[in-house]
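J.: Quick one: the structure is below, questions incoming.
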Amino acid sequence: MNGGPSGFNNAPVTRSIVIASALFTIIFGIQGRSRNLGWSYQDIFKKLQIWKLIVSVFGFSSTPELVFGIYLLYYFRVFERQIGSNKYTVFILFSITTSLLLEVLALWLLKDPSLNILTSGPYGLIFSSFVPFFFDIPVSTRFRVFGLNFSDKTFIYLAGLQLFLSSWKRSMLPGICGILAVSGIYCFILLKTVLAIYGSSSSTGSSRNLLGNAPPYAVRQMEGNYPAPLSSMMEPPEDAIATLVSMGFDRNSARQALIRSRNDVNAATNILLESQTH
């Protein structure tokens with residue numbers, strides 16, 4: 001499994017975030033002010049140092065956090081390629097803003113002295129990205145080491161776990177808030193999908209019962225009034241093909257994947273990612 005073609009091709013927003021994180025971390029680290037990147041409840045509501053919220057989003061407080069954080073940001077560029085830079089920018093703004101609000105609320109409710117200053121870095125964005133990573137990115141390969149089952153997604157989870165535990169409570173809270181920031185939306189979408197499927201199956205069952213009770217000639221007459229369903233081999237729309245090509249996939253492979261997925265771009269993306277390992 002990989003994030004598509006190497007480099008930041010078709011991922012300009014991710015490139016900007018990675019560069020900003022590296023610059024903020026290095027500059028504050030050279031000046032010996034890495035701890036100033038973090039923020040506390042008192043900084044925002046008593047000292048009114050709002051600038052700390054902005055700075056803390058980009059700069060990591062230590063070099064190990066920077067390494068694992070940039071690695072994860074670089075991998076998650078696959079989402080920008082999948083949904084486009086504009087929508088990905090909206091996802092970034094929503095995840096960062098929501099996670100910051102949750103962090104402020106958590107500090108106010110917990111009043112834990114050990115959480116006085118939270119660790120800095122784009123934790124909200126990184127851990128929010130783990131939610132679509134869990135639901136939308138398929139497992140390409142599985143393997144066993146010393147009797148334990150692993151997959152190609154394991155390395156991403158291990159990097160996230162290292163970042164999550166890097167500063168203990170000071171990093172765990174931002175990580176949890178990042179996950180919660182997007183989990184609510186996914187739960188809502190999942191519930192909506194389940195209800196839609198349930199409603200569709202109920203409707204289908206009712207129509208079958210009606211047809212089953214009708215005489216044969218009536219069924220034939222009803223079927224004759226409606227055209228046959230379109231074939232799944234319908235030519236995919238050009239914009240869907242262009243979307244997959246912009247993510248770095250071959251045009252012919254993108255077309256075949258869209259045909260197999262009945263023009264569902266997300267499903268076609270998963271098919272292409274899975275086929276890269278075969």
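Naming works like this for the structure tokens: A, B, ... for the chains as they're shown, residue 1 at the start of each chain, ligands 1 onward in shown order.
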Write out as a list of chain:residue names the residues lying within 10 Å of segment 35-50 of chain A, counting only C-alpha atoms and excluding same-chain residues fewer than 5 positions away.

T.: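 The contact residues come out as A:Phe24, A:Thr25, A:Phe28, A:Gly29, A:Val55, A:Ser56, A:Val57, A:Phe58, A:Gly59, A:Phe60, A:Ser61, A:Ser62, A:Glu103, A:Val104, A:Leu105, A:Ala106, A:Leu107, A:Trp108, A:Lys111, A:Leu115, A:Asn116, A:Ile117, A:Leu118, A:Thr119, A:Ser120, A:Gly121, A:Arg170.
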
J.: Where does DSSP see strand (DSSP E or B) in segment 105-216 of chain A, if you list the residues as a ChimeraX atom specification?

T.: /A:118,142-145,148-151

J.: Pull N, CA and C atoms from the residues just selected and write them as an mmCIF file, in the first residue's frame.

T.:
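The new file part_31.cif reads:
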```cif
data_model
loop_
_atom_site.group_PDB
_atom_site.id
_atom_site.type_symbol
_atom_site.label_atom_id
_atom_site.label_comp_id
_atom_site.auth_asym_id
_atom_site.auth_seq_id
_atom_site.Cartn_x
_atom_site.Cartn_y
_atom_site.Cartn_z
ATOM 1 N N LEU A 118 -0.403 21.929 26.423
ATOM 2 C CA LEU A 118 -0.522 20.830 25.471
ATOM 3 C C LEU A 118 0.623 20.876 24.473
ATOM 4 N N ARG A 142 -1.535 -8.746 3.613
ATOM 5 C CA ARG A 142 -1.487 -9.217 5.001
ATOM 6 C C ARG A 142 -0.299 -10.161 5.146
ATOM 7 N N PHE A 143 0.313 -10.180 6.324
ATOM 8 C CA PHE A 143 1.444 -11.062 6.575
ATOM 9 C C PHE A 143 1.515 -11.372 8.067
ATOM 10 N N ARG A 144 2.292 -12.397 8.397
ATOM 11 C CA ARG A 144 2.434 -12.838 9.776
ATOM 12 C C ARG A 144 3.888 -12.724 10.209
ATOM 13 N N VAL A 145 4.095 -12.223 11.423
ATOM 14 C CA VAL A 145 5.425 -12.125 12.016
ATOM 15 C C VAL A 145 5.344 -12.700 13.424
ATOM 16 N N LEU A 148 1.922 -13.387 14.688
ATOM 17 C CA LEU A 148 0.991 -12.260 14.785
ATOM 18 C C LEU A 148 0.593 -11.786 13.391
ATOM 19 N N ASN A 149 -0.655 -11.433 13.232
ATOM 20 C CA ASN A 149 -1.162 -10.960 11.943
ATOM 21 C C ASN A 149 -0.931 -9.458 11.791
ATOM 22 N N PHE A 150 -0.395 -9.061 10.640
ATOM 23 C CA PHE A 150 -0.172 -7.653 10.320
ATOM 24 C C PHE A 150 -0.678 -7.379 8.908
ATOM 25 N N SER A 151 -0.840 -6.097 8.611
ATOM 26 C CA SER A 151 -1.194 -5.671 7.246
ATOM 27 C C SER A 151 -0.323 -4.488 6.869
#
```

J.: Separation of atom CA of Ile176 of chain A and atom CA of Gln162 of chain A, in Å?

T.: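 We find that atom CA of Ile176 of chain A and atom CA of Gln162 of chain A lie 13.8 Å from each other.
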
J.: Find the residue from A:Arg81, A:Arg262, A:Tyr71, A:Pro122 that sits nearest to Ser21 of chain A; use only C-alpha atoms when measuring.

T.: A:Pro122

J.: I'd like the contact shell of Leu100 of chain A - 10 Å cut-off, only C-alpha atoms, skipping same-chain residues fewer than 6 positions apart - returned as an NGL selection string.

T.: :A and (53 or 57 or 94 or 106 or 123-124 or 174 or 177-178 or 181)

J.: Would you save the residues of that selection, restricted to all heavy atoms, as a CSV table (one decimal), in the first residue's frame?

T.:
```
chain,number,residue,atom,x,y,z
A,53,LEU,N,-2.4,29.8,19.3
A,53,LEU,CA,-3.3,28.8,18.7
A,53,LEU,C,-2.8,28.5,17.3
A,53,LEU,O,-2.8,27.4,16.8
A,53,LEU,CB,-4.7,29.2,18.7
A,53,LEU,CG,-5.5,29.1,20.0
A,53,LEU,CD1,-6.9,29.6,19.8
A,53,LEU,CD2,-5.6,27.6,20.4
A,57,VAL,N,-0.5,25.0,15.8
A,57,VAL,CA,-1.1,24.1,14.8
A,57,VAL,C,0.0,23.6,13.8
A,57,VAL,O,-0.1,22.5,13.3
A,57,VAL,CB,-2.1,24.9,13.9
A,57,VAL,CG1,-2.5,24.1,12.7
A,57,VAL,CG2,-3.4,25.1,14.8
A,94,PHE,N,-11.9,22.3,9.0
A,94,PHE,CA,-12.9,21.8,9.9
A,94,PHE,C,-12.2,21.0,11.0
A,94,PHE,O,-12.5,21.1,12.2
A,94,PHE,CB,-13.9,20.9,9.2
A,94,PHE,CG,-14.9,20.2,10.1
A,94,PHE,CD1,-16.0,20.9,10.5
A,94,PHE,CD2,-14.7,18.9,10.5
A,94,PHE,CE1,-16.9,20.3,11.3
A,94,PHE,CE2,-15.6,18.3,11.3
A,94,PHE,CZ,-16.7,19.0,11.7
A,106,ALA,N,-11.9,20.5,26.8
A,106,ALA,CA,-11.4,19.4,27.7
A,106,ALA,C,-10.5,20.0,28.8
A,106,ALA,O,-10.6,19.6,30.0
A,106,ALA,CB,-10.6,18.4,26.9
A,123,TYR,N,-1.8,18.0,15.3
A,123,TYR,CA,-2.4,16.7,15.8
A,123,TYR,C,-3.9,16.6,15.4
A,123,TYR,O,-4.3,15.5,15.1
A,123,TYR,CB,-2.3,16.7,17.3
A,123,TYR,CG,-1.0,16.2,17.9
A,123,TYR,CD1,0.1,17.1,17.8
A,123,TYR,CD2,-0.8,15.0,18.4
A,123,TYR,CE1,1.4,16.6,18.3
A,123,TYR,CE2,0.4,14.5,18.9
A,123,TYR,CZ,1.5,15.4,18.8
A,123,TYR,OH,2.7,15.0,19.3
A,124,GLY,N,-4.6,17.7,15.4
A,124,GLY,CA,-6.0,17.6,15.0
A,124,GLY,C,-6.1,17.1,13.6
A,124,GLY,O,-7.0,16.2,13.3
A,174,PRO,N,-4.7,16.0,22.5
A,174,PRO,CA,-5.0,16.5,21.1
A,174,PRO,C,-5.3,15.4,20.1
A,174,PRO,O,-6.1,15.6,19.2
A,174,PRO,CB,-3.6,17.2,20.8
A,174,PRO,CG,-3.0,17.5,22.1
A,174,PRO,CD,-3.4,16.4,23.0
A,177,CYS,N,-8.9,14.4,20.6
A,177,CYS,CA,-9.8,15.4,20.1
A,177,CYS,C,-9.8,15.4,18.6
A,177,CYS,O,-10.9,15.7,17.9
A,177,CYS,CB,-9.3,16.8,20.6
A,177,CYS,SG,-9.6,17.0,22.4
A,178,GLY,N,-8.7,15.1,17.9
A,178,GLY,CA,-8.6,15.0,16.5
A,178,GLY,C,-9.5,13.9,16.0
A,178,GLY,O,-10.2,14.1,15.0
A,181,ALA,N,-13.2,14.8,16.3
A,181,ALA,CA,-13.6,15.9,15.5
A,181,ALA,C,-14.3,15.4,14.2
A,181,ALA,O,-15.2,16.1,13.7
A,181,ALA,CB,-12.4,16.8,15.1
```

J.: Select, from A:Ser183, A:Ser275, A:Phe130, A:Pro12, the residue with the minimum atom-to-atom distance to Asp250 of chain A, counting only C-alpha atoms.

T.: A:Ser275
